[in-house]
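Asker: Following this line is query_20.txt, made up of compact mmCIF, C-alpha atoms:
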# COMPACT_ATOMS: atom_id res chain seq x y z
CA MET A 206 -4.67 -24.02 -9.83
CA ALA A 207 -7.73 -23.25 -11.94
CA PHE A 208 -9.63 -21.93 -8.93
CA LEU A 209 -7.25 -18.97 -8.72
CA HIS A 210 -7.95 -17.58 -12.17
CA PRO A 211 -11.12 -15.47 -11.70
CA TRP A 212 -10.05 -13.94 -8.37
CA ALA A 213 -6.61 -13.02 -9.62
CA CYS A 214 -8.20 -11.50 -12.71
CA VAL A 215 -10.68 -9.42 -10.71
CA LEU A 216 -8.03 -8.13 -8.32
CA VAL A 217 -5.76 -7.10 -11.15
CA SER A 218 -8.72 -5.48 -12.89
CA CYS A 219 -9.42 -3.38 -9.81
CA ILE A 220 -5.78 -2.41 -9.54
CA SER A 221 -5.58 -1.59 -13.23
CA VAL A 222 -8.92 0.11 -13.63
CA SER A 223 -9.21 2.40 -16.63
CA LEU A 224 -11.50 5.37 -16.12
CA VAL A 225 -13.94 6.78 -18.61
CA GLY A 226 -15.29 10.33 -18.51
CA GLU A 227 -14.53 13.49 -16.58
CA PHE A 228 -14.13 13.67 -12.83
CA ASN A 229 -14.43 16.63 -10.51
CA LEU A 230 -11.73 15.94 -7.95
CA SER A 231 -13.50 17.95 -5.25
CA ASP A 232 -16.42 15.51 -5.39
CA LEU A 233 -14.09 12.67 -4.43
CA TYR A 234 -12.28 14.30 -1.52
CA PRO A 235 -12.26 12.37 1.78
CA PRO A 236 -14.99 13.28 4.31
CA LEU A 237 -14.48 16.69 5.98
CA TRP A 238 -11.51 17.49 3.74
CA ASN A 239 -12.49 21.12 3.37
CA GLU A 240 -13.14 21.46 7.10
CA SER A 241 -9.80 19.94 8.09
CA PRO A 242 -6.74 22.11 8.83
CA GLY A 243 -4.75 22.95 5.72
CA GLN A 244 -1.77 24.72 7.23
CA PHE A 245 0.21 24.58 10.46
CA SER A 246 -1.29 27.85 11.70
CA ASP A 247 -4.69 26.13 11.84
CA TYR A 248 -3.47 24.10 14.84
CA ARG A 249 -3.02 25.44 18.33
CA VAL A 250 0.44 26.49 19.47
CA GLU A 251 1.99 25.89 22.89
CA ASN A 252 5.50 26.97 23.83
CA GLY A 253 6.36 27.54 20.20
CA LYS A 254 5.14 24.12 19.06
CA HIS A 255 2.19 23.22 16.86
CA ILE A 256 0.07 20.71 18.77
CA ILE A 257 -1.84 18.19 16.63
CA ASP A 258 -4.30 15.72 18.09
CA PRO A 259 -4.29 12.70 15.73
CA TRP A 260 -7.10 11.11 17.75
CA VAL A 261 -9.56 13.62 16.33
CA TYR A 262 -10.50 12.80 12.75
CA PRO A 263 -10.21 16.31 11.20
CA GLU A 264 -6.87 16.91 12.90
CA ARG A 265 -5.36 13.66 11.59
CA MET A 266 -6.84 14.37 8.16
CA GLY A 267 -5.30 17.82 8.36
CA MET A 268 -1.84 16.23 8.61
CA TYR A 269 -2.49 14.55 5.27
CA LYS A 270 -3.92 17.73 3.78
CA ILE A 271 -0.80 19.72 4.67
CA LEU A 272 1.41 16.91 3.35
CA VAL A 273 -0.43 16.72 0.02
CA ASN A 274 -0.44 20.52 -0.36
CA LYS A 275 3.24 20.94 0.53
CA THR A 276 4.34 18.29 -1.96
CA ALA A 277 2.07 19.39 -4.81
CA SER A 278 4.74 21.31 -6.72
CA TYR A 279 6.92 18.21 -7.07
CA PHE A 280 4.20 16.35 -8.97
CA GLU A 281 3.37 19.12 -11.44
CA LYS A 282 5.66 17.53 -14.04
CA PHE A 283 3.43 14.44 -14.10
CA ALA A 284 -0.03 16.06 -14.30
CA PRO A 285 -1.89 19.27 -13.37
CA ASP A 286 -4.03 19.89 -10.29
CA ASN A 287 -1.97 17.58 -8.02
CA GLU A 288 -3.93 14.55 -9.25
CA GLN A 289 -0.76 12.48 -9.75
CA ASN A 290 0.49 13.10 -6.21
CA ILE A 291 1.06 9.54 -4.97
CA LEU A 292 0.57 10.62 -1.35
CA TRP A 293 -3.18 10.90 -2.05
CA GLY A 294 -3.57 7.24 -1.15
CA LEU A 295 -2.97 8.01 2.52
CA PRO A 296 -5.84 10.49 3.15
CA LEU A 297 -8.19 8.61 0.84
CA GLN A 298 -7.64 5.38 2.76
CA HIS A 299 -8.15 7.21 6.06
CA GLY A 300 -11.37 8.69 4.71
CA TRP A 301 -12.58 5.19 3.73
CA GLN A 302 -11.84 3.98 7.25
CA TYR A 303 -13.89 6.85 8.69
CA THR A 304 -16.81 6.41 6.29
CA THR A 305 -17.03 2.66 6.87
CA GLY A 306 -16.97 2.90 10.67
CA ARG A 307 -13.54 1.39 11.17
CA LEU A 308 -12.21 4.17 13.42
CA VAL A 309 -14.81 3.71 16.18
CA ASP A 310 -14.24 1.93 19.48
CA PRO A 311 -14.76 -1.74 18.53
CA SER A 312 -14.95 -2.80 22.16
CA GLY A 313 -18.11 -0.73 22.70
CA ARG A 314 -16.79 0.53 26.03
CA THR A 315 -16.88 4.17 24.91
CA ASP A 316 -18.87 6.28 22.42
CA CYS A 317 -15.69 7.21 20.55
CA GLY A 318 -16.40 7.49 16.83
CA TYR A 319 -20.09 6.64 16.96
CA GLU A 320 -22.67 8.94 15.39
CA THR A 321 -24.63 8.97 18.65
CA GLY A 322 -21.50 9.90 20.62
CA ASP A 323 -18.24 11.66 19.80
CA HIS A 324 -18.41 11.08 16.06
CA LEU A 325 -15.08 12.77 15.27
CA CYS A 326 -13.18 10.73 17.85
CA ILE A 327 -10.64 8.14 16.65
CA SER A 328 -10.46 5.20 19.06
CA VAL A 329 -7.10 3.93 20.27
CA ASP A 330 -8.75 0.50 20.54
CA SER A 331 -9.40 0.42 16.79
CA TRP A 332 -6.91 -1.80 14.97
CA TRP A 333 -7.46 0.21 11.80
CA ALA A 334 -6.86 3.51 13.61
CA ASP A 335 -3.68 2.30 15.29
CA MET A 336 -2.17 0.92 12.10
CA ASN A 337 -3.17 4.10 10.26
CA TYR A 338 -1.52 6.22 12.97
CA PHE A 339 1.87 5.09 11.72
CA LEU A 340 0.84 5.84 8.13
CA SER A 341 0.06 9.38 9.20
CA ALA A 342 2.62 10.19 11.91
CA LEU A 343 5.68 8.68 10.21
CA PRO A 344 5.19 10.12 6.70
CA PHE A 345 4.14 13.48 8.17
CA LEU A 346 7.01 13.77 10.64
CA GLY A 347 9.38 12.34 8.06
CA ALA A 348 8.39 15.20 5.75
CA VAL A 349 8.97 17.71 8.55
CA ASP A 350 12.42 16.24 9.18
CA SER A 351 13.26 16.39 5.46
CA GLY A 352 12.63 20.13 5.42
CA ILE A 353 9.91 19.83 2.81
CA MET A 354 7.25 21.23 5.19
CA GLY A 355 9.00 24.51 5.90
CA ILE A 356 9.24 24.17 9.69
CA SER A 357 11.92 22.73 11.94
CA SER A 358 11.68 19.30 13.54
CA ASP A 359 11.16 20.69 17.04
CA GLN A 360 8.17 22.83 16.07
CA VAL A 361 5.49 20.13 15.92
CA THR A 362 4.31 17.44 18.31
CA LEU A 363 1.41 15.01 18.37
CA SER A 364 -0.94 14.54 21.32
CA PRO A 365 -0.83 11.09 22.94
CA PRO A 366 -3.87 8.79 22.98
CA PRO A 367 -5.85 8.35 26.22
CA LYS A 368 -4.09 5.02 26.91
CA ASP A 369 -1.15 2.91 25.72
CA GLN A 370 0.86 6.08 25.21
CA THR A 371 4.20 4.24 25.17
CA LYS A 372 3.21 2.42 21.98
CA PHE A 373 3.18 5.64 19.97
CA CYS A 374 5.90 8.09 18.99
CA LEU A 375 4.86 11.72 19.13
CA ASP A 376 7.53 13.83 17.43
CA VAL A 377 10.42 13.59 15.00
CA SER A 378 12.94 12.68 17.67
CA SER A 379 10.91 9.89 19.30
CA CYS A 380 9.86 8.41 15.95
CA GLN A 381 13.46 8.36 14.76
CA SER A 382 14.46 6.63 17.98
CA SER A 383 11.65 4.06 17.84
CA PHE A 384 11.57 3.44 14.09
CA PRO A 385 14.96 4.47 12.66
CA GLN A 386 14.82 2.32 9.52
CA THR A 387 11.30 3.36 8.56
CA MET A 388 11.95 7.05 9.20
CA SER A 389 15.06 6.72 7.05
CA LYS A 390 12.93 5.24 4.25
CA TRP A 391 10.47 8.12 4.43
CA ASN A 392 13.41 10.52 4.33
CA THR A 393 14.75 8.72 1.26
CA PHE A 394 11.38 9.11 -0.45
CA TYR A 395 11.29 12.85 0.21
CA LYS A 396 14.89 13.28 -0.96
CA HIS A 397 14.07 11.62 -4.26
CA LEU A 398 10.85 13.60 -4.51
CA GLN A 399 12.91 16.79 -4.58
CA LEU A 400 15.18 15.51 -7.36
CA THR A 401 14.09 16.62 -10.82
CA SER A 402 15.62 13.46 -12.25
CA SER A 403 13.32 11.12 -10.28
CA SER A 404 10.81 9.26 -12.43
CA PHE A 405 7.24 8.45 -11.40
CA ASP A 406 8.18 4.78 -11.02
CA ASP A 407 11.18 5.70 -8.87
CA LEU A 408 8.94 7.61 -6.51
CA LEU A 409 6.44 4.74 -6.31
CA LYS A 410 9.23 2.38 -5.35
CA TYR A 411 10.47 4.57 -2.50
CA LEU A 412 6.94 5.36 -1.33
CA TRP A 413 5.93 1.70 -1.14
CA ASP A 414 9.18 0.79 0.61
CA ALA A 415 8.38 3.30 3.35
CA HIS A 416 4.68 2.37 3.43
CA THR A 417 5.20 -1.37 3.96
CA SER A 418 7.98 -0.73 6.46
CA SER A 419 5.63 1.46 8.53
CA LEU A 420 3.14 -1.41 8.86
CA LYS A 421 5.75 -4.09 9.40
CA ASP A 422 7.07 -2.17 12.42
CA VAL A 423 3.81 -2.22 14.34
CA TYR A 424 1.63 -5.12 13.21
CA LYS A 425 2.55 -7.39 16.12
CA VAL A 426 2.20 -4.52 18.60
CA PHE A 427 -1.49 -4.09 17.78
CA GLU A 428 -2.48 -7.58 16.71
CA ASP A 429 -4.45 -8.04 19.94
CA ARG A 430 -6.82 -5.27 18.82
CA LEU A 431 -8.22 -7.66 16.21
CA GLU A 432 -9.84 -9.61 19.05
CA TYR A 433 -12.43 -6.83 19.37
CA TYR A 434 -13.82 -7.61 15.91
CA SER A 435 -15.93 -10.33 14.40
CA GLU A 436 -14.00 -13.15 12.77
CA PRO A 437 -14.85 -11.92 9.24
CA GLU A 438 -13.59 -8.40 10.00
CA ALA A 439 -10.43 -9.64 11.73
CA ASP A 440 -9.70 -11.92 8.78
CA PHE A 441 -10.27 -9.02 6.38
CA GLY A 442 -7.75 -6.92 8.33
CA ARG A 443 -5.14 -9.65 7.95
CA ASP A 444 -6.07 -10.19 4.30
CA TRP A 445 -5.72 -6.48 3.60
CA CYS A 446 -2.30 -6.36 5.21
CA VAL A 447 -1.07 -9.15 2.94
CA ALA A 448 -2.70 -7.55 -0.10
CA LEU A 449 -0.73 -4.36 0.52
CA ASP A 450 2.47 -6.32 -0.02
CA TYR A 451 1.20 -7.27 -3.46
CA LEU A 452 0.15 -3.72 -4.27
CA ALA A 453 3.64 -2.62 -3.22
CA THR A 454 5.31 -5.28 -5.36
CA SER A 455 3.30 -4.20 -8.41
CA ARG A 456 3.95 -0.53 -7.53
CA PHE A 457 0.30 0.34 -7.65
CA PRO A 458 0.05 4.08 -8.40
CA THR A 459 -1.61 5.66 -5.38
CA THR A 460 -2.89 8.70 -7.24
CA PHE A 461 -6.16 10.45 -6.49
CA ILE A 462 -8.44 8.89 -9.09
CA ARG A 463 -6.85 5.44 -9.05
CA VAL A 464 -7.28 5.07 -5.29
CA SER A 465 -10.75 6.62 -5.29
CA GLU A 466 -11.91 4.07 -7.86
CA PHE A 467 -10.10 1.17 -6.23
CA GLN A 468 -11.77 1.80 -2.88
CA LYS A 469 -15.20 1.29 -4.42
CA ALA A 470 -14.32 -2.42 -4.42
CA LEU A 471 -13.61 -2.50 -0.67
CA PRO A 472 -16.17 -3.38 2.05
CA PRO A 473 -18.47 -0.36 2.68
CA ARG A 474 -18.94 -1.23 6.36
CA VAL A 475 -17.38 -3.26 9.15
CA LEU A 476 -17.94 -6.98 8.63
CA VAL A 477 -20.08 -8.79 11.19
CA SER A 478 -20.57 -12.41 12.17
CA GLY A 479 -22.38 -14.24 9.40
CA ASP A 480 -20.89 -12.15 6.59
CA LYS A 481 -19.46 -14.54 4.03
CA ALA A 482 -18.35 -13.41 0.60
CA PRO A 483 -19.56 -13.68 -2.09
CA PHE A 484 -22.99 -13.89 -0.41
CA ILE A 485 -23.21 -10.56 1.49
CA SER A 486 -26.56 -9.17 0.38
CA ASN A 487 -25.88 -5.45 0.87
CA PHE A 488 -22.48 -5.52 -0.85
CA THR A 489 -22.10 -5.05 -4.58
CA ALA A 490 -21.04 -7.99 -6.72
CA LEU A 491 -17.61 -6.41 -7.09
CA GLN A 492 -17.21 -5.89 -3.34
CA ASN A 493 -18.20 -9.50 -2.68
CA THR A 494 -15.81 -10.82 -5.31
CA VAL A 495 -12.87 -8.70 -4.20
CA LEU A 496 -13.41 -9.61 -0.55
CA LEU A 497 -13.38 -13.28 -1.46
CA GLY A 498 -10.36 -12.76 -3.70
CA LEU A 499 -8.36 -11.02 -0.96
CA ASN A 500 -9.02 -13.92 1.39
CA LEU A 501 -7.99 -16.44 -1.26
CA LEU A 502 -4.83 -14.46 -1.98
CA HIS A 503 -3.91 -14.61 1.71
CA LYS A 504 -4.54 -18.37 1.85
CA VAL A 505 -2.42 -19.05 -1.23
CA ASP A 506 0.30 -16.78 0.13
CA SER A 507 0.31 -18.49 3.54
CA ALA A 508 0.10 -22.04 2.21
CA THR A 509 2.78 -21.92 -0.48
CA GLY A 510 5.45 -19.42 0.45
CA PHE A 511 5.08 -18.10 -3.09
CA LEU A 512 4.52 -14.55 -4.21
CA LEU A 513 1.86 -13.84 -6.78
CA HIS A 514 3.43 -11.48 -9.29
CA VAL A 515 1.13 -9.36 -11.36
CA SER A 516 2.06 -7.57 -14.54
CA TYR A 517 -0.30 -5.69 -16.76
CA ALA A 518 -0.45 -3.44 -19.77
CA PHE A 519 -2.99 -0.79 -20.67
CA THR A 520 -4.97 -0.14 -23.78
CA GLY A 521 -7.20 2.83 -24.38
CA SER A 522 -10.30 0.93 -23.31
CA GLY A 523 -9.00 -1.14 -20.44
CA ILE A 524 -6.56 -3.91 -19.63
CA SER A 525 -4.86 -6.30 -21.98
CA ASN A 526 -2.42 -9.14 -21.67
CA VAL A 527 -2.73 -9.50 -17.92
CA ALA A 528 -0.26 -12.09 -16.70
CA VAL A 529 -0.44 -13.68 -13.29
CA ASN A 530 2.59 -15.62 -12.16
CA LEU A 531 3.19 -17.58 -9.01
CA LYS A 532 6.88 -17.34 -8.24
CA GLU A 533 9.07 -17.89 -5.23
CA ALA A 534 9.20 -14.83 -3.02
CA SER A 535 12.58 -13.12 -3.12
CA TRP A 536 11.69 -10.58 -0.45
CA ASP A 537 11.18 -10.71 3.30
CA HIS A 538 8.25 -13.09 3.69
CA LYS A 539 7.49 -11.75 7.18
CA LYS A 540 6.87 -8.22 5.95
CA CYS A 541 3.50 -7.11 7.18
CA LEU A 542 2.43 -9.80 9.61
CA GLY A 543 5.41 -9.60 11.91
CA SER A 544 7.94 -12.16 13.07
CA ALA A 545 5.45 -15.02 13.14
CA GLY A 546 4.94 -14.73 9.37
CA ARG A 547 1.73 -14.53 7.42
CA GLY A 548 -1.32 -16.20 8.84
CA ALA A 549 -0.27 -15.34 12.41
CA GLY A 550 -3.14 -15.16 14.83
CA ARG A 551 -5.42 -17.25 12.63
CA LYS A 552 -6.19 -20.88 13.41
CA ALA A 553 -6.02 -23.32 10.52
CA HIS A 554 -9.30 -24.82 9.42
CA PRO A 555 -9.03 -28.27 7.84
CA ASP A 556 -12.04 -27.74 5.58
CA THR A 557 -11.23 -24.30 4.21
CA ASP A 558 -7.46 -23.79 4.35
CA HIS A 559 -5.64 -24.72 1.17
CA LYS A 560 -2.71 -27.10 1.36
CA PRO A 561 0.33 -26.70 -0.90
CA GLY A 562 -0.60 -29.92 -2.69
CA ASN A 563 -3.96 -28.49 -3.75
CA LEU A 564 -2.23 -25.95 -5.99
CA GLY A 565 -0.56 -28.49 -8.26
CA ASP A 566 3.13 -28.94 -8.84
CA THR A 567 3.54 -28.44 -12.56
CA ASP A 568 4.87 -25.33 -14.23
CA GLU A 569 1.63 -25.11 -16.20
CA ASN A 570 -0.28 -24.69 -12.93
CA ARG A 571 2.05 -21.93 -11.80
CA VAL A 572 1.55 -19.57 -14.70
CA THR A 573 -1.73 -18.23 -15.96
CA ALA A 574 -2.11 -15.80 -18.83
CA ILE A 575 -5.30 -13.84 -19.11
CA ASP A 576 -6.12 -11.84 -22.19
CA GLN A 577 -8.84 -9.21 -21.85
CA THR A 578 -9.96 -6.82 -24.49
As structure tokens - that is how I would like this structure written.
Answerer:
Amino acid sequence: MAFLHPWACVLVSCISVSLVGEFNLSDLYPPLWNESPGQFSDYRVENGKHIIDPWVYPERMGMYKILVNKTASYFEKFAPDNEQNILWGLPLQHGWQYTTGRLVDPSGRTDCGYETGDHLCISVDSWWADMNYFLSALPFLGAVDSGIMGISSDQVTLSPPPKDQTKFCLDVSSCQSSFPQTMSKWNTFYKHLQLTSSSFDDLLKYLWDAHTSSLKDVYKVFEDRLEYYSEPEADFGRDWCVALDYLATSRFPTTFIRVSEFQKALPPRVLVSGDKAPFISNFTALQNTVLLGLNLLHKVDSATGFLLHVSYAFTGSGISNVAVNLKEASWDHKKCLGSAGRGAGRKAHPDTDHKPGNLGDTDENRVTAIDQT
């Protein structure tokens, strides 16, 4: 299992990055953050309901902005200026999708999302946009239902996309009907958020439970969207979905600075045919290595039925005593990739796919300790 060592180390290093120096949070805001709605009154009202169009980038970003602002007071006990709000990961990830061109129409049939067309449009044909919809609509409407947003559940509704409307829930009632377990998990998170006794780690646990459940609900529904992309980009989408399970297991803190720094290691554009990490010339060395590592993580995960557990400790200057353990998964192994399990939709390649036997069978090959100073 020696081949796993450097990639596991790099991925943990990205997750556990230790920052040096001062940061101006406003410099790291997602694109068009200041221009996006920041309160319900910034949206149009019809028949007493706030109408939000989540297929327009600033309007979807505005949902996150309201959510982060409305929950700010509950994170004051952890740090000033709302920096430790663990909901920051949602708008920052959406901003990365916008910046890297992952919200445009991948089929090329419309000008939705393109700079030469409707550049603020979010395409319903985008796999990234559709998956992200449920990481905006469900946490947002879940917050409305919890009472944390200050309006009643029947006072806000989302506009449907131009097609496939039945695949999307549009208000609290329809989302509760379509995704009762996930909406319940978001409600649980917000209930614990309002408890003064809740620790930071408690909140991370409930947040990640709701986050992974939101993706698990809809992965199979939108898997066909991946056909619009190049093979490298489609594979990256699947790799990323699996990686989120590992971030959830390690309870990665989705705070403002941590996510902002972490995203610097992600692909800065949509992958095209011929892109092969770690040899993509206009990617940084870190981006190449992380992209390769995510793919390897997915292959190991699919081939073995094992879960790579990551534990780490911090020192003032970085990471120390990073331990990577390959253990049997004790959780639902079909989490993110639907009922077919991980690796669904991807054909096995005899020359590149790892077989369980390649990993070694001894305990020594299942545990790797890495010491960095």
Asker: Which one is closest to Asp440 (chain A): A:Asp422, A:Leu497, A:Asn392, A:Pro458? Count all atoms listed in the file.
Answerer: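 Comparing A:Asp422, A:Leu497, A:Asn392, A:Pro458 against Asp440 (chain A), the winner is A:Leu497.
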Asker: Distance table requested - region 220-297 of chain A against region 364-383 of chain A, cut-off 12 Å, only C-alpha atoms: one row per qualifying residue with the closest atom pair and its distance in Å to one decimal, ordered by chain and rising residue number, as a Markdown table.
Answerer:
| residue | atom | partner | partner_atom | distance |
| --- | --- | --- | --- | --- |
| A:Tyr248 | CA | A:Ser364 | CA | 11.8 |
| A:Arg249 | CA | A:Ser364 | CA | 11.5 |
| A:Glu251 | CA | A:Ser364 | CA | 11.8 |
| A:Lys254 | CA | A:Asp376 | CA | 10.7 |
| A:His255 | CA | A:Ser364 | CA | 10.2 |
| A:Ile256 | CA | A:Ser364 | CA | 6.8 |
| A:Ile257 | CA | A:Ser364 | CA | 6.0 |
| A:Asp258 | CA | A:Ser364 | CA | 4.8 |
| A:Pro259 | CA | A:Ser364 | CA | 6.8 |
| A:Trp260 | CA | A:Pro366 | CA | 6.6 |
| A:Val261 | CA | A:Pro366 | CA | 10.0 |
| A:Glu264 | CA | A:Ser364 | CA | 10.6 |
| A:Arg265 | CA | A:Ser364 | CA | 10.7 |
Asker: What does the structure give for the distance between CA of Tyr411 (chain A) and CA of Arg456 (chain A), in Å to one decimal?
Answerer: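 Straight-line distance from CA of Tyr411 (chain A) to CA of Arg456 (chain A) works out to 9.7 Å.
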Asker: So, with all atoms listed in the file as the atoms that count, which of A:Ser435, A:Asn239, A:Leu499, A:Thr459 lies closest to Ser478 (chain A)?
Answerer: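 Selected residue with least distance to Ser478 (chain A): A:Ser435.
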Asker: In Å to one decimal, how far is CA of Ser241 (chain A) from CA of Gly267 (chain A)?
Answerer: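 Atom-to-atom, CA of Gly267 (chain A) to CA of Ser241 (chain A), that is 5.0 Å.
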